[in-house]
Every structure is written in structure tokens, then in C-alpha cells.
Amino acid sequence: MISTCRTGFCCRTRTVGVVVCLLMIMAAPCMWAANAAQKYPPTIVFMTDFGVVDDSVAICRGVMYEIMPEVRIVDLTHQVAPFSIFDGARFLYGATPYYPSGTVFVVVVDPGVGSSRKAIVAHSKKGQYFVLPDNGVISLVGQRDGIDAVREITNPEWMIGSKLSSTFHGRDIFSPVGAHLARGDDWTKVGPEMPVHDLVQLDLKVARIDEHGLDAMVIATDGPYGNLVTNVEGADFLKLGYHHGQEVHLRVGGKPLKMKFVKTFSDVPVGDPLLYIDSRGHLALAVNQKSFAEVYGIKPPVELSIPAAAQQ
């Protein structure tokens with residue numbers, strides 16, 4: 001026997017079921033977004049020259065977690081050469097393109113700690129925040145991405161302790177401010193606005209390239225390998241007309257040298273120098289399986305000059 005629904009109850013039930021299913025489908029993107037927000041917490045990228053042999057890094061991380069327990073902290077490095085603002089600027093420059101808008105970078109490479117140098121928060125045109133000393137460590141990022149606002153850190157409510165240490169601003173100022181930003185607190189409350197053009201800049205000339213060649217800088221060595229890192233974009237170097245396998249005459253720190261422009265280290269014999277485009281897209285100098293800095297006695301920053309291929 002086939003039953004029929006004379007009251008319409010079954011039809012209404014099926015209609016309600018369909019509507020519920022449609023609402024659930026429509027709500028799915030919102031639910032996914034909410035879950036994604038919970039899955040991916042705010043991020044602080046942390047860099048210092050503290051090293052890892054004592055408790056300094058762990059103390060700073062503890063300060064951040066106390067203010068924002070859900071924050072995700074990524075250690076960029078804590079092995080910046082002690083007091084090397086150049087290295088700090090280079091690592092920051094290399095890492096920032098791989099993080100999204102809203103990321104907070106806390107940088108403590110601060111040889112002037114306790115002096116009259118300012119502690120600041122800078123906001124880039126990419127939407128990233130930088131909590132750091134105003135000593136030039138943000139220079140390279142600023143040149144590439146642009147800085148649209150800066151505030152000096154003066155609000156004691158964003159710091160920890162009634163008496164600030166004169167030697168550990170990483171704990172007392174930079175870490176808590178970074179955590180407040182990651183928590184979503186209003187960054188204009190950190191302190192007064194300061195002109196962007198007042199930021200301290202590294203004494204590092206911008207690479208100049210024309211039809212005659214380039215004048216630039218070797219800004220650092222590449223970790224333990226001793227390769228030389230320059231402020232020359234690989235694409236700009238190629239405008240000089242060189243191709244892989246070609247010998248290049250150049251001057252580094254006033255020393256005349258010649259080497260081949262190649263793709264990778266093994267393209268030349270062990271112990272030979274080479275010119276290449278590194279993994280960050282910059283022109284670099286190396287010695288295959290040796291330290292260029294040690295072999296040639298180069299200590300950055302030094303000047304670099306290369307004539308155009310047609311000029312050699």
C-alpha cells in the first residue's frame with residue numbers, strides 16, 4: 001500500500017529539511033573563515049643578537065605569551081653577529097616578503113640600548129609592523145617596501161615593570177609592545193607619532209647602475225660560509241650585459257679581482273671565486289667551498305664596482 005500525506009506535514013518537513021541544508025551550505029564559508037582564524041593565530045617574527053646560550057630569548061618569549069597566550073612566535077634568528085645592525089637589516093630584508101600583512105616583527109639588535117636612541121613601532125606600506133630600536137635596522141625594508149607611519153614607544157602601560165632596565169629593553173619594551181600589537185591593541189596608543197623622514201638610516205649608499213656599470217655595496221657575509229652579500233638586485237646586474245660563463249672584472253673594497261659569472265658554486269673548480277645570483281635574488285660573491293671573506297680579507301661594508309660588459 002502506498003501512503004499519502006493528506007495533511008501536508010510530510011511536504012512541509014521535506015521543505016524545512018531542504019532549507020536547513022541550504023543554510024548550512026551558505027554558512028560553510030563563514031564557519032571555515034572562523035575556524036581558519038582560530039587555526040592561524042597572530043604571528044610575531046622575533047630576531048635578536050642574544051644567542052641561545054642563556055635565558056634571554058626565553059624570557060622575552062615568556063613576556064609575549066603572558067600578554068597574548070595564543071600568539072605564534074617565529075624565531076627568525078638569534079645568531080645575528082653581536083651589535084651588527086647591518087646583519088640585522090639584511091636578515092629582516094630577506095624574511096619580510098614571505099610573511100603576510102599584519103605580521104609583527106620584533107627586532108632587538110640594539111648596541112645603543114639605554115642611550116638616547118628611540119624605541120619605535122614602524123608600519124610599512126605592506127601592512128607589517130616593526131617593533132625595534134631606531135638605529136637603522138629597518139633601513140633596507142624601508143627602501144624596498146616604504147614606511148608610512150612611525151610612533152615612538154613611550155606609553156608605560158605597554159611596557160612591563162615600574163622600573164625599566166637600562167640594558168634589557170628586549171624584555172621590558174620591545175617584547176610587550178610586540179605582543180600588544182599581535183593582540184590587536186590600537187597601535188596609536190603606544191606613543192606619539194614621529195616623522196618618517198626622521199628615521200635613522202644606515203650609512204649605505206643605494207646601488208647606482210647605468211650604461212657604464214654599477215657602484216654598490218657589499219653589505220654582509222652569508223652566515224658561516226663567508227660569501228659576500230650585496231645590495232644589487234640580480235635583475236639590475238643582468239642589465240650590464242653579462243651572461244653565464246663570462247669573466248667579470250670588478251673591484252671589491254678597492255681590490256681589483258676577476259671571476260666568472262655562473263649559476264652555482266660547482267660551476268667553477270674548488271677554491272676559485274665566482275659571481276652569482278643568490279637565493280634571495282641578489283648579486284653575491286663566493287669561493288667554491290671556501291670563505292670569500294677570509295680568502296680575500298674582506299670585511300663588510302665595503303664598496304663594489306663593476307663595469308658594463310661592453311666596457312671590459
# chains A, B, ... in the order shown; residues from 1 in each chain; ligands from 1
>>> residues_around(residues="Gly226 of chain A", least_positions_apart="3", cutoff="10 Å", atoms="only C-alpha atoms", output="PDB file with N, CA and C atoms, in the first residue's frame")
ATOM      1  N   ALA A 220      77.240  42.492   3.744  1.00  0.00           N
ATOM      2  CA  ALA A 220      77.362  41.481   4.798  1.00  0.00           C
ATOM      3  C   ALA A 220      77.987  40.218   4.238  1.00  0.00           C
ATOM      4  N   THR A 221      78.315  39.291   5.145  1.00  0.00           N
ATOM      5  CA  THR A 221      78.713  37.950   4.740  1.00  0.00           C
ATOM      6  C   THR A 221      77.561  36.999   5.000  1.00  0.00           C
ATOM      7  N   ASP A 222      77.528  35.917   4.256  1.00  0.00           N
ATOM      8  CA  ASP A 222      76.435  34.957   4.307  1.00  0.00           C
ATOM      9  C   ASP A 222      76.738  33.877   5.343  1.00  0.00           C
ATOM     10  N   GLY A 223      76.329  34.141   6.596  1.00  0.00           N
ATOM     11  CA  GLY A 223      76.460  33.147   7.655  1.00  0.00           C
ATOM     12  C   GLY A 223      77.878  32.618   7.791  1.00  0.00           C
ATOM     13  N   VAL A 229      77.436  39.302   0.433  1.00  0.00           N
ATOM     14  CA  VAL A 229      76.089  39.700   0.043  1.00  0.00           C
ATOM     15  C   VAL A 229      76.113  41.165  -0.362  1.00  0.00           C
ATOM     16  N   LEU A 285      79.069  37.154  -4.139  1.00  0.00           N
ATOM     17  CA  LEU A 285      80.405  36.682  -4.482  1.00  0.00           C
ATOM     18  C   LEU A 285      80.767  35.544  -3.546  1.00  0.00           C
ATOM     19  N   ALA A 286      81.409  34.520  -4.080  1.00  0.00           N
ATOM     20  CA  ALA A 286      81.766  33.368  -3.263  1.00  0.00           C
ATOM     21  C   ALA A 286      83.053  32.751  -3.777  1.00  0.00           C
ATOM     22  N   VAL A 287      83.615  31.854  -2.976  1.00  0.00           N
ATOM     23  CA  VAL A 287      84.699  30.977  -3.392  1.00  0.00           C
ATOM     24  C   VAL A 287      84.180  29.563  -3.196  1.00  0.00           C
ATOM     25  N   GLN A 289      83.579  26.296  -1.958  1.00  0.00           N
ATOM     26  CA  GLN A 289      83.940  25.516  -0.775  1.00  0.00           C
ATOM     27  C   GLN A 289      84.964  26.213   0.127  1.00  0.00           C
ATOM     28  N   LYS A 290      85.059  27.535   0.005  1.00  0.00           N
ATOM     29  CA  LYS A 290      85.885  28.315   0.918  1.00  0.00           C
ATOM     30  C   LYS A 290      85.185  29.635   1.221  1.00  0.00           C
ATOM     31  N   SER A 291      85.744  30.389   2.142  1.00  0.00           N
ATOM     32  CA  SER A 291      85.173  31.678   2.520  1.00  0.00           C
ATOM     33  C   SER A 291      85.790  32.794   1.700  1.00  0.00           C
ATOM     34  N   PHE A 292      84.965  33.486   0.913  1.00  0.00           N
ATOM     35  CA  PHE A 292      85.458  34.617   0.133  1.00  0.00           C
ATOM     36  C   PHE A 292      86.017  35.692   1.069  1.00  0.00           C
ATOM     37  N   ALA A 293      85.295  35.961   2.168  1.00  0.00           N
ATOM     38  CA  ALA A 293      85.718  37.000   3.105  1.00  0.00           C
ATOM     39  C   ALA A 293      87.106  36.717   3.663  1.00  0.00           C
ATOM     40  N   GLU A 294      87.404  35.436   3.973  1.00  0.00           N
ATOM     41  CA  GLU A 294      88.705  35.089   4.531  1.00  0.00           C
ATOM     42  C   GLU A 294      89.786  35.051   3.454  1.00  0.00           C
ATOM     43  N   VAL A 295      89.469  34.467   2.312  1.00  0.00           N
ATOM     44  CA  VAL A 295      90.474  34.333   1.252  1.00  0.00           C
ATOM     45  C   VAL A 295      90.965  35.701   0.781  1.00  0.00           C
ATOM     46  N   ILE A 298      88.113  40.467   3.148  1.00  0.00           N
ATOM     47  CA  ILE A 298      87.038  41.453   3.010  1.00  0.00           C
ATOM     48  C   ILE A 298      86.173  41.463   4.265  1.00  0.00           C
ATOM     49  N   LYS A 299      85.968  42.632   4.842  1.00  0.00           N
ATOM     50  CA  LYS A 299      85.084  42.780   5.984  1.00  0.00           C
ATOM     51  C   LYS A 299      84.040  43.847   5.661  1.00  0.00           C
TER      52      LYS A 299
END
>>> select_by_dssp(residues="segment 154-191 of chain A", states="helix (DSSP H, G or I)", output="list of chain:residue names")
A:Pro156, A:Glu157, A:Trp158, A:His169, A:Gly170, A:Arg171, A:Asp172, A:Ile173, A:Phe174, A:Ser175, A:Pro176, A:Val177, A:Gly178, A:Ala179, A:His180, A:Leu181, A:Ala182, A:Arg183, A:Trp187, A:Thr188, A:Lys189, A:Val190
>>> residues_around(residues="segment 73-85 of chain A", least_positions_apart="2", cutoff="8 Å", atoms="only C-alpha atoms", output="PyMOL selection string")
chain A and resi 43-52+57+61+71+87-89+95+109-111+135-137
>>> residues_around(residues="segment 179-183 of chain A", least_positions_apart="2", cutoff="12 Å", atoms="only C-alpha atoms", output="MDAnalysis selection string")
chainID A and resid 41:46 60:73 101:106 121:123 128:131 155 157:160 171:177 185:190
>>> select_by_dssp(residues="segment 69-299 of chain A", states="strand (DSSP E or B)", output="count of residues only")
75
>>> residues_around(residues="segment 266-281 of chain A", least_positions_apart="6", cutoff="10 Å", atoms="only C-alpha atoms", output="PyMOL selection string")
chain A and resi 93-95+227-230+232-235+237-238+244-248+257-260+287-292+295-296
>>> write_last_selection(atoms="N, CA and C atoms", output="mmCIF file, in the first residue's frame")
data_model
loop_
_atom_site.group_PDB
_atom_site.id
_atom_site.type_symbol
_atom_site.label_atom_id
_atom_site.label_comp_id
_atom_site.auth_asym_id
_atom_site.auth_seq_id
_atom_site.Cartn_x
_atom_site.Cartn_y
_atom_site.Cartn_z
ATOM 1 N N TYR A 93 65.295 42.245 5.881
ATOM 2 C CA TYR A 93 65.001 42.497 4.469
ATOM 3 C C TYR A 93 64.705 41.189 3.737
ATOM 4 N N GLY A 94 65.468 40.147 4.057
ATOM 5 C CA GLY A 94 65.289 38.871 3.374
ATOM 6 C C GLY A 94 64.040 38.123 3.772
ATOM 7 N N ALA A 95 63.601 38.286 5.019
ATOM 8 C CA ALA A 95 62.481 37.483 5.520
ATOM 9 C C ALA A 95 61.113 38.093 5.288
ATOM 10 N N ASN A 227 80.410 33.963 2.086
ATOM 11 C CA ASN A 227 80.040 34.577 0.812
ATOM 12 C C ASN A 227 79.711 36.049 1.056
ATOM 13 N N LEU A 228 79.912 36.885 0.055
ATOM 14 C CA LEU A 228 79.629 38.311 0.190
ATOM 15 C C LEU A 228 78.251 38.624 -0.369
ATOM 16 N N VAL A 229 77.436 39.302 0.433
ATOM 17 C CA VAL A 229 76.089 39.700 0.043
ATOM 18 C C VAL A 229 76.113 41.165 -0.362
ATOM 19 N N THR A 230 75.503 41.498 -1.495
ATOM 20 C CA THR A 230 75.500 42.873 -1.974
ATOM 21 C C THR A 230 74.088 43.452 -1.948
ATOM 22 N N VAL A 232 72.750 44.713 -4.599
ATOM 23 C CA VAL A 232 72.441 44.774 -6.026
ATOM 24 C C VAL A 232 71.410 43.700 -6.381
ATOM 25 N N GLU A 233 70.281 44.109 -6.907
ATOM 26 C CA GLU A 233 69.293 43.148 -7.390
ATOM 27 C C GLU A 233 69.862 42.409 -8.598
ATOM 28 N N GLY A 234 69.616 41.096 -8.642
ATOM 29 C CA GLY A 234 70.133 40.301 -9.744
ATOM 30 C C GLY A 234 69.669 40.810 -11.097
ATOM 31 N N ALA A 235 68.409 41.226 -11.168
ATOM 32 C CA ALA A 235 67.857 41.722 -12.430
ATOM 33 C C ALA A 235 68.589 42.977 -12.888
ATOM 34 N N PHE A 237 71.796 43.701 -12.168
ATOM 35 C CA PHE A 237 73.126 43.298 -12.632
ATOM 36 C C PHE A 237 73.073 42.790 -14.069
ATOM 37 N N LEU A 238 72.031 42.042 -14.409
ATOM 38 C CA LEU A 238 71.931 41.493 -15.761
ATOM 39 C C LEU A 238 71.815 42.585 -16.816
ATOM 40 N N HIS A 244 76.089 33.913 -18.288
ATOM 41 C CA HIS A 244 76.753 32.859 -17.534
ATOM 42 C C HIS A 244 77.982 32.330 -18.280
ATOM 43 N N GLY A 245 79.049 32.153 -17.526
ATOM 44 C CA GLY A 245 80.300 31.678 -18.089
ATOM 45 C C GLY A 245 81.261 32.783 -18.459
ATOM 46 N N GLN A 246 80.803 34.019 -18.437
ATOM 47 C CA GLN A 246 81.642 35.148 -18.825
ATOM 48 C C GLN A 246 82.489 35.611 -17.644
ATOM 49 N N GLU A 247 83.731 36.003 -17.925
ATOM 50 C CA GLU A 247 84.614 36.521 -16.885
ATOM 51 C C GLU A 247 84.303 37.993 -16.622
ATOM 52 N N VAL A 248 84.282 38.352 -15.346
ATOM 53 C CA VAL A 248 83.917 39.704 -14.946
ATOM 54 C C VAL A 248 85.085 40.333 -14.173
ATOM 55 N N LEU A 257 89.717 42.440 -8.869
ATOM 56 C CA LEU A 257 89.563 40.991 -8.948
ATOM 57 C C LEU A 257 88.899 40.624 -10.258
ATOM 58 N N LYS A 258 89.005 39.354 -10.628
ATOM 59 C CA LYS A 258 88.259 38.857 -11.774
ATOM 60 C C LYS A 258 87.758 37.460 -11.448
ATOM 61 N N MET A 259 86.549 37.163 -11.921
ATOM 62 C CA MET A 259 85.925 35.864 -11.663
ATOM 63 C C MET A 259 84.821 35.646 -12.665
ATOM 64 N N LYS A 260 84.351 34.400 -12.766
ATOM 65 C CA LYS A 260 83.288 34.074 -13.710
ATOM 66 C C LYS A 260 81.916 34.308 -13.085
ATOM 67 N N VAL A 287 83.615 31.854 -2.976
ATOM 68 C CA VAL A 287 84.699 30.977 -3.392
ATOM 69 C C VAL A 287 84.180 29.563 -3.196
ATOM 70 N N ASN A 288 84.279 28.742 -4.202
ATOM 71 C CA ASN A 288 83.745 27.391 -4.113
ATOM 72 C C ASN A 288 84.393 26.614 -2.963
ATOM 73 N N GLN A 289 83.579 26.296 -1.958
ATOM 74 C CA GLN A 289 83.940 25.516 -0.775
ATOM 75 C C GLN A 289 84.964 26.213 0.127
ATOM 76 N N LYS A 290 85.059 27.535 0.005
ATOM 77 C CA LYS A 290 85.885 28.315 0.918
ATOM 78 C C LYS A 290 85.185 29.635 1.221
ATOM 79 N N SER A 291 85.744 30.389 2.142
ATOM 80 C CA SER A 291 85.173 31.678 2.520
ATOM 81 C C SER A 291 85.790 32.794 1.700
ATOM 82 N N PHE A 292 84.965 33.486 0.913
ATOM 83 C CA PHE A 292 85.458 34.617 0.133
ATOM 84 C C PHE A 292 86.017 35.692 1.069
ATOM 85 N N VAL A 295 89.469 34.467 2.312
ATOM 86 C CA VAL A 295 90.474 34.333 1.252
ATOM 87 C C VAL A 295 90.965 35.701 0.781
ATOM 88 N N TYR A 296 90.028 36.662 0.664
ATOM 89 C CA TYR A 296 90.382 37.970 0.113
ATOM 90 C C TYR A 296 90.437 39.083 1.170
#
>>> decode(residues="segment 62-140 of chain A", atoms="C-alpha atoms", output="mmCIF file, in the first residue's frame")
data_model
loop_
_atom_site.group_PDB
_atom_site.id
_atom_site.type_symbol
_atom_site.label_atom_id
_atom_site.label_comp_id
_atom_site.auth_asym_id
_atom_site.auth_seq_id
_atom_site.Cartn_x
_atom_site.Cartn_y
_atom_site.Cartn_z
ATOM 1 C CA GLY A 62 57.536 34.470 28.106
ATOM 2 C CA VAL A 63 56.669 38.181 28.216
ATOM 3 C CA MET A 64 54.915 37.871 24.862
ATOM 4 C CA TYR A 65 52.963 34.771 25.892
ATOM 5 C CA GLU A 66 51.877 36.380 29.163
ATOM 6 C CA ILE A 67 50.204 39.199 27.202
ATOM 7 C CA MET A 68 48.991 37.123 24.245
ATOM 8 C CA PRO A 69 48.948 33.384 25.083
ATOM 9 C CA GLU A 70 47.630 32.389 21.641
ATOM 10 C CA VAL A 71 50.320 34.196 19.663
ATOM 11 C CA ARG A 72 52.559 32.255 17.300
ATOM 12 C CA ILE A 73 56.237 33.239 17.649
ATOM 13 C CA VAL A 74 58.614 32.509 14.775
ATOM 14 C CA ASP A 75 62.322 32.824 15.553
ATOM 15 C CA LEU A 76 63.926 34.457 12.525
ATOM 16 C CA THR A 77 67.338 34.097 14.153
ATOM 17 C CA HIS A 78 69.038 34.903 17.436
ATOM 18 C CA GLN A 79 72.514 34.487 15.960
ATOM 19 C CA VAL A 80 72.890 37.931 14.395
ATOM 20 C CA ALA A 81 76.545 38.893 14.762
ATOM 21 C CA PRO A 82 76.679 40.842 18.064
ATOM 22 C CA PHE A 83 75.953 44.549 17.552
ATOM 23 C CA SER A 84 75.713 44.128 13.743
ATOM 24 C CA ILE A 85 72.919 46.427 12.623
ATOM 25 C CA PHE A 86 73.917 45.642 9.029
ATOM 26 C CA ASP A 87 73.268 41.919 9.512
ATOM 27 C CA GLY A 88 70.002 42.576 11.325
ATOM 28 C CA ALA A 89 68.846 44.828 8.491
ATOM 29 C CA ARG A 90 69.815 42.212 5.912
ATOM 30 C CA PHE A 91 68.003 39.325 7.605
ATOM 31 C CA LEU A 92 64.907 41.443 8.126
ATOM 32 C CA TYR A 93 65.001 42.497 4.469
ATOM 33 C CA GLY A 94 65.289 38.871 3.374
ATOM 34 C CA ALA A 95 62.481 37.483 5.520
ATOM 35 C CA THR A 96 59.700 40.053 5.326
ATOM 36 C CA PRO A 97 58.487 39.236 1.786
ATOM 37 C CA TYR A 98 57.444 35.767 2.963
ATOM 38 C CA TYR A 99 55.066 36.970 5.695
ATOM 39 C CA PRO A 100 51.578 38.449 5.239
ATOM 40 C CA SER A 101 50.181 41.841 6.089
ATOM 41 C CA GLY A 102 49.575 42.159 9.818
ATOM 42 C CA THR A 103 52.691 40.244 10.845
ATOM 43 C CA VAL A 104 54.574 41.835 13.758
ATOM 44 C CA PHE A 105 58.380 41.832 13.602
ATOM 45 C CA VAL A 106 60.185 42.293 16.922
ATOM 46 C CA VAL A 107 63.876 43.072 16.387
ATOM 47 C CA VAL A 108 66.400 43.513 19.173
ATOM 48 C CA VAL A 109 69.781 44.289 17.638
ATOM 49 C CA ASP A 110 70.461 47.224 19.873
ATOM 50 C CA PRO A 111 74.048 48.278 20.604
ATOM 51 C CA GLY A 112 72.686 51.645 21.783
ATOM 52 C CA VAL A 113 70.386 50.181 24.438
ATOM 53 C CA GLY A 114 69.891 52.577 27.350
ATOM 54 C CA SER A 115 71.126 55.584 25.364
ATOM 55 C CA SER A 116 69.117 58.406 23.809
ATOM 56 C CA ARG A 117 68.176 56.260 20.801
ATOM 57 C CA LYS A 118 64.413 55.864 20.422
ATOM 58 C CA ALA A 119 62.363 52.692 20.676
ATOM 59 C CA ILE A 120 59.765 52.725 17.900
ATOM 60 C CA VAL A 121 56.961 50.979 16.075
ATOM 61 C CA ALA A 122 57.044 51.404 12.295
ATOM 62 C CA HIS A 123 54.250 50.433 9.896
ATOM 63 C CA SER A 124 55.169 49.518 6.334
ATOM 64 C CA LYS A 125 53.118 50.120 3.223
ATOM 65 C CA LYS A 126 52.750 46.324 3.036
ATOM 66 C CA GLY A 127 50.820 46.419 6.317
ATOM 67 C CA GLN A 128 53.504 44.886 8.523
ATOM 68 C CA TYR A 129 54.548 46.215 11.953
ATOM 69 C CA PHE A 130 58.138 46.559 13.159
ATOM 70 C CA VAL A 131 58.986 46.931 16.846
ATOM 71 C CA LEU A 132 62.652 47.841 17.115
ATOM 72 C CA PRO A 133 65.275 50.440 18.053
ATOM 73 C CA ASP A 134 65.594 53.454 15.781
ATOM 74 C CA ASN A 135 69.162 52.662 14.757
ATOM 75 C CA GLY A 136 68.844 51.925 11.039
ATOM 76 C CA VAL A 137 67.939 48.253 11.273
ATOM 77 C CA ILE A 138 64.763 48.934 9.268
ATOM 78 C CA SER A 139 66.600 50.833 6.512
ATOM 79 C CA LEU A 140 66.598 48.137 3.821
#
